[in-house]
$ cat query18.cif   # mmCIF, N, CA and C atoms
data_final
#
loop_
_atom_site.group_PDB
_atom_site.id
_atom_site.type_symbol
_atom_site.label_atom_id
_atom_site.label_comp_id
_atom_site.auth_asym_id
_atom_site.auth_seq_id
_atom_site.Cartn_x
_atom_site.Cartn_y
_atom_site.Cartn_z
ATOM 1 N N MET P 483 87.700 135.186 83.573
ATOM 2 C CA MET P 483 88.834 135.165 82.684
ATOM 3 C C MET P 483 89.175 136.606 82.321
ATOM 4 N N THR P 484 90.437 136.949 82.375
ATOM 5 C CA THR P 484 90.896 138.283 82.032
ATOM 6 C C THR P 484 91.774 138.209 80.798
ATOM 7 N N VAL P 485 91.545 139.107 79.860
ATOM 8 C CA VAL P 485 92.331 139.156 78.643
ATOM 9 C C VAL P 485 93.087 140.470 78.616
ATOM 10 N N ALA P 486 94.391 140.391 78.440
ATOM 11 C CA ALA P 486 95.205 141.595 78.372
ATOM 12 C C ALA P 486 95.364 142.016 76.924
ATOM 13 N N LYS P 487 95.209 143.295 76.680
ATOM 14 C CA LYS P 487 95.374 143.812 75.319
ATOM 15 C C LYS P 487 96.833 144.188 75.116
ATOM 16 N N ILE P 488 97.389 143.707 74.014
ATOM 17 C CA ILE P 488 98.780 143.995 73.694
ATOM 18 C C ILE P 488 98.788 144.979 72.538
ATOM 19 N N SER P 489 99.422 146.112 72.745
ATOM 20 C CA SER P 489 99.484 147.106 71.669
ATOM 21 C C SER P 489 100.728 146.863 70.833
ATOM 22 N N ARG P 490 100.620 147.215 69.559
ATOM 23 C CA ARG P 490 101.749 147.059 68.649
ATOM 24 C C ARG P 490 102.134 148.426 68.117
ATOM 25 N N THR P 491 103.419 148.627 67.949
ATOM 26 C CA THR P 491 103.878 149.894 67.396
ATOM 27 C C THR P 491 103.893 149.812 65.876
ATOM 28 N N ALA P 492 104.066 150.950 65.235
ATOM 29 C CA ALA P 492 104.049 151.008 63.774
ATOM 30 C C ALA P 492 105.220 150.259 63.154
ATOM 31 N N THR P 493 106.289 150.039 63.910
ATOM 32 C CA THR P 493 107.461 149.363 63.358
ATOM 33 C C THR P 493 107.309 147.847 63.363
ATOM 34 N N GLU P 494 106.351 147.331 64.096
ATOM 35 C CA GLU P 494 106.154 145.888 64.157
ATOM 36 C C GLU P 494 105.384 145.400 62.939
ATOM 37 N N GLN P 495 105.505 144.117 62.672
ATOM 38 C CA GLN P 495 104.794 143.498 61.558
ATOM 39 C C GLN P 495 103.298 143.479 61.856
ATOM 40 N N PRO P 496 102.453 143.534 60.808
ATOM 41 C CA PRO P 496 101.010 143.428 61.031
ATOM 42 C C PRO P 496 100.657 142.039 61.556
ATOM 43 N N LEU P 497 99.483 141.935 62.135
ATOM 44 C CA LEU P 497 99.039 140.657 62.675
ATOM 45 C C LEU P 497 98.926 139.621 61.564
ATOM 46 N N THR P 498 99.247 138.378 61.900
ATOM 47 C CA THR P 498 99.039 137.301 60.943
ATOM 48 C C THR P 498 97.554 136.961 60.927
ATOM 49 N N GLU P 499 97.141 136.194 59.939
ATOM 50 C CA GLU P 499 95.737 135.799 59.860
ATOM 51 C C GLU P 499 95.337 134.964 61.074
ATOM 52 N N GLU P 500 96.256 134.131 61.553
ATOM 53 C CA GLU P 500 95.971 133.331 62.752
ATOM 54 C C GLU P 500 95.736 134.244 63.957
ATOM 55 N N GLU P 501 96.518 135.305 64.074
ATOM 56 C CA GLU P 501 96.348 136.248 65.181
ATOM 57 C C GLU P 501 95.057 137.042 65.022
ATOM 58 N N LEU P 502 94.687 137.341 63.771
ATOM 59 C CA LEU P 502 93.432 138.058 63.539
ATOM 60 C C LEU P 502 92.239 137.211 63.964
ATOM 61 N N LEU P 503 92.342 135.894 63.809
ATOM 62 C CA LEU P 503 91.244 135.019 64.221
ATOM 63 C C LEU P 503 91.041 135.025 65.731
ATOM 64 N N ASP P 504 92.102 135.374 66.474
ATOM 65 C CA ASP P 504 92.008 135.451 67.932
ATOM 66 C C ASP P 504 91.454 136.787 68.406
ATOM 67 N N LYS P 505 91.367 137.738 67.507
ATOM 68 C CA LYS P 505 90.884 139.079 67.848
ATOM 69 C C LYS P 505 89.353 139.095 67.842
ATOM 70 N N GLU P 506 88.742 139.952 68.678
ATOM 71 C CA GLU P 506 87.284 140.074 68.693
ATOM 72 C C GLU P 506 86.800 140.573 67.348
ATOM 73 N N PHE P 507 85.712 139.998 66.849
ATOM 74 C CA PHE P 507 85.187 140.370 65.535
ATOM 75 C C PHE P 507 84.859 141.860 65.452
ATOM 76 N N ASP P 508 84.327 142.420 66.525
ATOM 77 C CA ASP P 508 83.968 143.840 66.528
ATOM 78 C C ASP P 508 85.193 144.754 66.465
ATOM 79 N N ALA P 509 86.361 144.222 66.821
ATOM 80 C CA ALA P 509 87.572 145.033 66.849
ATOM 81 C C ALA P 509 88.337 144.993 65.525
ATOM 82 N N LEU P 510 87.911 144.165 64.581
ATOM 83 C CA LEU P 510 88.599 144.059 63.299
ATOM 84 C C LEU P 510 88.278 145.250 62.402
ATOM 85 N N THR P 511 89.283 145.702 61.680
ATOM 86 C CA THR P 511 89.064 146.770 60.711
ATOM 87 C C THR P 511 88.568 146.148 59.405
ATOM 88 N N SER P 512 88.098 146.973 58.490
ATOM 89 C CA SER P 512 87.623 146.447 57.206
ATOM 90 C C SER P 512 88.775 145.806 56.424
ATOM 91 N N GLU P 513 89.972 146.356 56.562
ATOM 92 C CA GLU P 513 91.139 145.772 55.893
ATOM 93 C C GLU P 513 91.442 144.381 56.455
ATOM 94 N N GLU P 514 91.325 144.237 57.774
ATOM 95 C CA GLU P 514 91.569 142.930 58.397
ATOM 96 C C GLU P 514 90.502 141.922 57.976
ATOM 97 N N TRP P 515 89.254 142.357 57.846
ATOM 98 C CA TRP P 515 88.185 141.479 57.372
ATOM 99 C C TRP P 515 88.487 140.984 55.969
ATOM 100 N N GLU P 516 88.973 141.873 55.103
ATOM 101 C CA GLU P 516 89.311 141.497 53.728
ATOM 102 C C GLU P 516 90.425 140.455 53.713
ATOM 103 N N ARG P 517 91.422 140.629 54.568
ATOM 104 C CA ARG P 517 92.503 139.645 54.660
ATOM 105 C C ARG P 517 91.972 138.293 55.110
ATOM 106 N N LEU P 518 91.059 138.302 56.089
ATOM 107 C CA LEU P 518 90.520 137.035 56.594
ATOM 108 C C LEU P 518 89.637 136.337 55.558
ATOM 109 N N LYS P 519 88.936 137.117 54.726
ATOM 110 C CA LYS P 519 88.090 136.510 53.686
ATOM 111 C C LYS P 519 88.926 135.704 52.697
ATOM 112 N N LYS P 520 90.138 136.170 52.442
ATOM 113 C CA LYS P 520 91.024 135.512 51.480
ATOM 114 C C LYS P 520 91.872 134.409 52.105
ATOM 115 N N TYR P 521 91.865 134.327 53.424
ATOM 116 C CA TYR P 521 92.730 133.392 54.149
ATOM 117 C C TYR P 521 92.226 131.965 54.034
ATOM 118 N N VAL P 522 93.141 131.067 53.663
ATOM 119 C CA VAL P 522 92.840 129.634 53.618
ATOM 120 C C VAL P 522 93.840 128.956 54.540
ATOM 121 N N PRO P 523 93.378 128.420 55.670
ATOM 122 C CA PRO P 523 94.314 127.787 56.609
ATOM 123 C C PRO P 523 94.967 126.566 55.976
ATOM 124 N N GLN P 524 96.237 126.389 56.282
ATOM 125 C CA GLN P 524 96.974 125.229 55.788
ATOM 126 C C GLN P 524 96.987 124.171 56.885
ATOM 127 N N ALA P 525 96.291 123.074 56.640
ATOM 128 C CA ALA P 525 96.217 122.002 57.633
ATOM 129 C C ALA P 525 96.833 120.735 57.051
ATOM 130 N N LYS P 526 97.733 120.148 57.811
ATOM 131 C CA LYS P 526 98.334 118.893 57.369
ATOM 132 C C LYS P 526 97.407 117.725 57.670
ATOM 133 N N TYR P 527 96.772 117.801 58.820
ATOM 134 C CA TYR P 527 95.941 116.686 59.264
ATOM 135 C C TYR P 527 94.551 117.196 59.624
ATOM 136 N N LEU P 528 93.549 116.541 59.129
ATOM 137 C CA LEU P 528 92.189 116.860 59.511
ATOM 138 C C LEU P 528 91.683 115.737 60.419
ATOM 139 N N VAL P 529 91.073 116.128 61.497
ATOM 140 C CA VAL P 529 90.589 115.162 62.472
ATOM 141 C C VAL P 529 89.090 115.346 62.646
ATOM 142 N N ALA P 530 88.332 114.291 62.441
ATOM 143 C CA ALA P 530 86.888 114.354 62.659
ATOM 144 C C ALA P 530 86.603 113.996 64.112
ATOM 145 N N VAL P 531 85.756 114.782 64.735
ATOM 146 C CA VAL P 531 85.388 114.497 66.133
ATOM 147 C C VAL P 531 83.904 114.379 66.265
#
$ encode --input "query18.cif" --output "structure tokens"
Amino acid sequence: MTVAKISRTATEQPLTEEELLDKEFDALTSEEWERLKKYVPQAKYLVAV
């Protein structure tokens, strides 16, 4: 499996929390970690499997 890295310019919006969850943990900055700690996903439906 190959993953392509997409760079963002300074004019673009910061990553959403959902996008941060797709990022490698080692690549997250301390600011991004703080955002994820406060993030509460909004789920309409919960499914038990």
$ atom_distance --input "query18.cif" --atom1 "atom CA of Trp515 of chain P" --atom2 "atom CA of Leu528 of chain P"
25.0 Å
$ atom_distance --input "query18.cif" --atom1 "atom C of Ala509 of chain P" --atom2 "atom N of Val522 of chain P"
18.9 Å
$ atom_distance --input "query18.cif" --atom1 "atom C of Leu497 of chain P" --atom2 "atom C of Val529 of chain P"
26.2 Å
$ residues_around --input "query18.cif" --residues "segment 498-504 of chain P" --least-positions-apart "6" --cutoff "8 Å" --atoms "only N, CA and C atoms" --output "VMD selection string"
chain P and resid 510 514 517 to 518 521
$ axis_aligned_box --input "query18.cif" --around "segment 526-531 of chain P" --padding-each-side "6 Å" --output "JSON"
{"center_x": 91.1, "center_y": 117.1, "center_z": 61.8, "size_x": 26.4, "size_y": 18.2, "size_z": 20.9}
